[in-house]
Each structure stands twice: as C-alpha cells, then as structure tokens.
Amino acid sequence: MSYQVNGHTIEHDEEGYITTLSDWSKELADEIAKTENIDMTSEHWEVVNFLREYYDEYQIAPAVRVLIKAIKKSMGPDKGNNKYMYELFPYGPAKQACKIAGLPKPTGCV
Amino acid sequence: MSDIKKFLYVNRKPPYGTIYALESLEVVLIGAAFEQDVSLAFLDDGVFQLTRGQNTDAIGVKNFSPTFRALGDYEVTKLYVERESLEERGLTEGDLQEITYEDEDDDWEEKPSIRVVSRAEMAGIMADQDVVLSF
C-alpha cells in the first residue's frame with residue numbers, strides 16, 4: 001500500500017500511516033489529507049506543524065488529551081479545545097493529524 | 001474520587017539491549033489516560049534510562065530518552081531514582097537529564113520530576129503503593 005507523490009511511491013501501513021518517517025513532505029501531507037477528506041487550511045497546518053515539532057522534541061505522538069492541552073498552552077483556549085480540534089479533524093485530531101504529519105499512530109490510540 | 005489507586009512502575013534494566021525499558025514507558029503513557037496516581041522508580045541498571053546525552057546511532061535503535069521529558073504533559077510527575085544505584089555505577093544526579101513538570105496548583109511553576117531517594121526511602125515508597133509493576 002502506498003501514496004504517489006511527484007512520481008515517488010511512499011509506503012504506508014494498513015491504516016494509512018507512512019512506514020518511513022523521513023519520507024514525509026508537505027506534498028505528501030496534502031495527499032494523505034485528501035484520502036482523509038480533509039481540505040488543508042492554515043489552521044490544519046498549524047496543528048500538523050505543532051505535532052511535528054512535538055515529535056521532534058519528545059520522539060512521541062501525543063495522546064489527544066495531551067495534544068489539546070499543549071495546543072491550549074501554546075495557542076490559547078480558542079484553539080486548545082475539543083470542539084475546535086474536532087472541527088478540523090472530525091475523525092480524531094490525534095489520529096488524523098498525526099497521519100497527515102507523517103508520525104506514527106499516537107501511543108495508546110486503538 | 002476514592003477509586004484512584006497508587007501505581008508504581010519499577011524500572012531495573014538499562015534502556016537498550018532489551019525491550020523492557022521502552023515497553024515500560026509505553027505502558028506508563030497508555031496508563032496515564034486512566035487518571036491514577038502514577039509514579040516511576042528507577043533502580044539497579046534502570047538508572048541508566050535517565051542519563052543525559054544518549055546517542056543510539058551506532059546500535060540502530062530509536063533514542064527514546066527524550067520521551068521521558070513528555071511525562072509531565074501526561075501528568076506523571078514523580079520519578080524516584082535510588083541514590084545507592086547511582087553511586088554503585090559511578091553516577092550522580094548531575095548525570096541525569098533534567099525532567100520537569102508544570103504544577104497546575106502552583107501557577108504552572110516548573111518543578112523537577114526526578115527525586116533522588118535512598119534505598120530505605122524507596123522501600124517505603126514501594127510499600128505505600130496499591131499496584132507495583134516491575135520491568
């Protein structure tokens with residue numbers, strides 16, 4: 001199973017998470033978002049970039065509760081809340097945004 | 001809530017070479033969702049899990065030591081390290097990475113999560129738990 005981006009083939013697992021984290025690119029993110037029926041806006045990118053920075057620092061994709069708390073701290077309560085995050089990523093902010101960000105599935109996410 | 005239990009995860013093995021250390025940390029992160037009173041203990045070679053400046057390039061596995069610094073976000077704020085285990089390995093508290101949490105009840109002040117305790121104190125901490133999980 002794979003995504004096609006600019007003539008490159010990028011492998012993913014049965015749930016759509018890419019298997020090699022270094023394969024990620026912004027173009028790939030757009031491609032994954034399409035399969036999730038998400039139209040990437042600057043608000044989506046803000047969360048995706050935040051997740052990539054979090055992963056870079058802690059080597060972990062945070063659980064949704066932790067993600068929302070961290071977003072609240074860094075971007076304020078208007079964004080760091082369940083409603084806002086689920087409007088952006090209806091099938092789960094941690095799950096969908098991590099997939100688009102090219103991270104592994106969040107630990108503890110089934 | 002009266003049904004909060006005290007969980008202690010005991011880590012006795014070095015970070016690499018076996019899967020115990022990483023598995024323990026993953027269980028802690030997953031278990032954190034259940035809002036229990038969680039502490040971690042590091043003794044014997046387990047104290048190496050917290051050393052600073054780890055580099056795993058040569059052994060081709062992921063360096064997961066930065067993940068300990070995310071524990072505060074998961075409200076896991078008590079990491080007990082046994083002083084005797086450090087000393088027996090020629091280590092001091094200064095060889096451990098800094099791990100902090102923000103205290104919600106104290107205006108989000110940053111506080112250290114690592115607490116170096118004596119072997120006798122560690123025995124007391126263990127005796128005080130409802131559940132002890134060994135890795």
# chains A, B, ... in the order shown; residues from 1 in each chain; ligands from 1
call {"tool": "interface_residues", "arguments": {"of": "chain A", "to": "chain B", "cutoff": "8 Å", "atoms": "only C-alpha atoms", "output": "ChimeraX atom specification"}}
result
/A:57-60,66,70,107-108
call {"tool": "residues_around", "arguments": {"residues": "Asn81 (chain A)", "least_positions_apart": "6", "cutoff": "8 Å", "atoms": "only C-alpha atoms", "output": "MDAnalysis selection string"}}
result
chainID A and resid 68:69 72
call {"tool": "residues_around", "arguments": {"residues": "Ala127 (chain B)", "least_positions_apart": "5", "cutoff": "12 Å", "atoms": "only C-alpha atoms", "output": "JSON, numbers by chain"}}
result
{"B": [6, 7, 8, 120, 121, 122, 132]}
call {"tool": "select_by_dssp", "arguments": {"residues": "region 31-60 of chain B", "states": "helix (DSSP H, G or I)", "output": "list in words"}}
result
Gly31, Ala32, Ala33, Phe34, Asp44, Asp45, Gly46, Val47, Phe48, Gln49, Leu50, Asp57, Ala58 and Ile59 of chain B
call {"tool": "write_last_selection", "arguments": {"atoms": "C-alpha atoms", "output": "short mmCIF file (atom, residue, chain, number, x, y, z; two decimals), in the first residue's frame"}}
result
data_model
loop_
_atom_site.label_atom_id
_atom_site.label_comp_id
_atom_site.auth_asym_id
_atom_site.auth_seq_id
_atom_site.Cartn_x
_atom_site.Cartn_y
_atom_site.Cartn_z
CA GLY B 31 -1.99 4.01 31.54
CA ALA B 32 -1.83 7.76 32.14
CA ALA B 33 -5.20 8.08 30.43
CA PHE B 34 -6.85 6.32 33.39
CA ASP B 44 19.78 -1.04 39.56
CA ASP B 45 20.73 -0.56 35.87
CA GLY B 46 17.37 1.18 35.39
CA VAL B 47 19.04 4.43 36.44
CA PHE B 48 20.81 4.44 33.05
CA GLN B 49 17.44 5.07 31.39
CA LEU B 50 17.52 8.66 32.62
CA ASP B 57 23.12 5.92 16.21
CA ALA B 58 25.64 3.10 16.44
CA ILE B 59 23.12 0.49 17.59
#
call {"tool": "residues_around", "arguments": {"residues": "Asn37 (chain A)", "least_positions_apart": "4", "cutoff": "10 Å", "atoms": "only C-alpha atoms", "output": "PyMOL selection string"}}
result
chain A and resi 31-33+89-90
call {"tool": "atom_distance", "arguments": {"atom1": "CA of Glu98 (chain B)", "atom2": "CA of Glu110 (chain B)"}}
result
11.3 Å
call {"tool": "closest_residue", "arguments": {"among": "B:Thr51, B:Ser39, B:Tyr101, B:Gly94", "to": "Asp128 (chain B)", "atoms": "only C-alpha atoms"}}
result
B:Ser39
call {"tool": "atom_distance", "arguments": {"atom1": "CA of Ser25 (chain A)", "atom2": "CA of Ile38 (chain A)"}}
result
16.7 Å
call {"tool": "closest_residue", "arguments": {"among": "A:Leu88, A:Met40, A:Leu103, A:Cys98", "to": "Leu67 (chain A)", "atoms": "only C-alpha atoms"}}
result
A:Cys98
call {"tool": "closest_residue", "arguments": {"among": "A:Gly102, A:Gly7, A:Glu43, A:Asn82", "to": "Lys26 (chain A)", "atoms": "only C-alpha atoms"}}
result
A:Gly102
call {"tool": "select_by_dssp", "arguments": {"residues": "chain A", "states": "strand (DSSP E)", "output": "list in words"}}
result
Ser2, Tyr3, Gln4, Val5, His8, Thr9, Ile10 and Glu11 of chain A
call {"tool": "closest_residue", "arguments": {"among": "B:Ala21, B:Leu86, B:Leu91, B:Val38", "to": "Lys5 (chain B)", "atoms": "only C-alpha atoms"}}
result
B:Val38
call {"tool": "decode", "arguments": {"residues": "region 37-72 of chain A", "atoms": "C-alpha atoms", "output": "short mmCIF file (atom, residue, chain, number, x, y, z; two decimals), in the first residue's frame"}}
result
data_model
loop_
_atom_site.label_atom_id
_atom_site.label_comp_id
_atom_site.auth_asym_id
_atom_site.auth_seq_id
_atom_site.Cartn_x
_atom_site.Cartn_y
_atom_site.Cartn_z
CA ASN A 37 -11.31 14.01 3.03
CA ILE A 38 -9.62 16.97 4.65
CA ASP A 39 -9.01 20.19 2.78
CA MET A 40 -5.81 21.54 4.34
CA THR A 41 -6.14 25.15 5.58
CA SER A 42 -3.64 27.22 7.53
CA GLU A 43 -5.46 26.10 10.70
CA HIS A 44 -4.85 22.45 9.80
CA TRP A 45 -1.22 23.17 9.04
CA GLU A 46 -0.80 24.88 12.39
CA VAL A 47 -1.77 21.65 14.16
CA VAL A 48 0.24 19.42 11.83
CA ASN A 49 3.35 21.56 12.28
CA PHE A 50 2.80 21.62 16.03
CA LEU A 51 2.67 17.81 16.08
CA ARG A 52 5.86 17.51 14.06
CA GLU A 53 7.64 19.83 16.47
CA TYR A 54 6.30 17.87 19.42
CA TYR A 55 7.57 14.65 17.89
CA ASP A 56 10.91 16.19 17.13
CA GLU A 57 11.31 17.23 20.75
CA TYR A 58 9.88 14.20 22.56
CA GLN A 59 10.00 11.36 19.99
CA ILE A 60 6.37 10.64 20.61
CA ALA A 61 2.99 11.38 19.03
CA PRO A 62 0.94 12.72 21.95
CA ALA A 63 -2.42 11.35 23.05
CA VAL A 64 -5.35 13.57 22.05
CA ARG A 65 -5.86 14.86 25.60
CA VAL A 66 -2.19 15.83 25.83
CA LEU A 67 -2.22 17.38 22.37
CA ILE A 68 -5.20 19.60 23.15
CA LYS A 69 -3.67 20.71 26.42
CA ALA A 70 -0.36 21.53 24.70
CA ILE A 71 -2.15 23.46 21.93
CA LYS A 72 -4.08 25.38 24.57
#
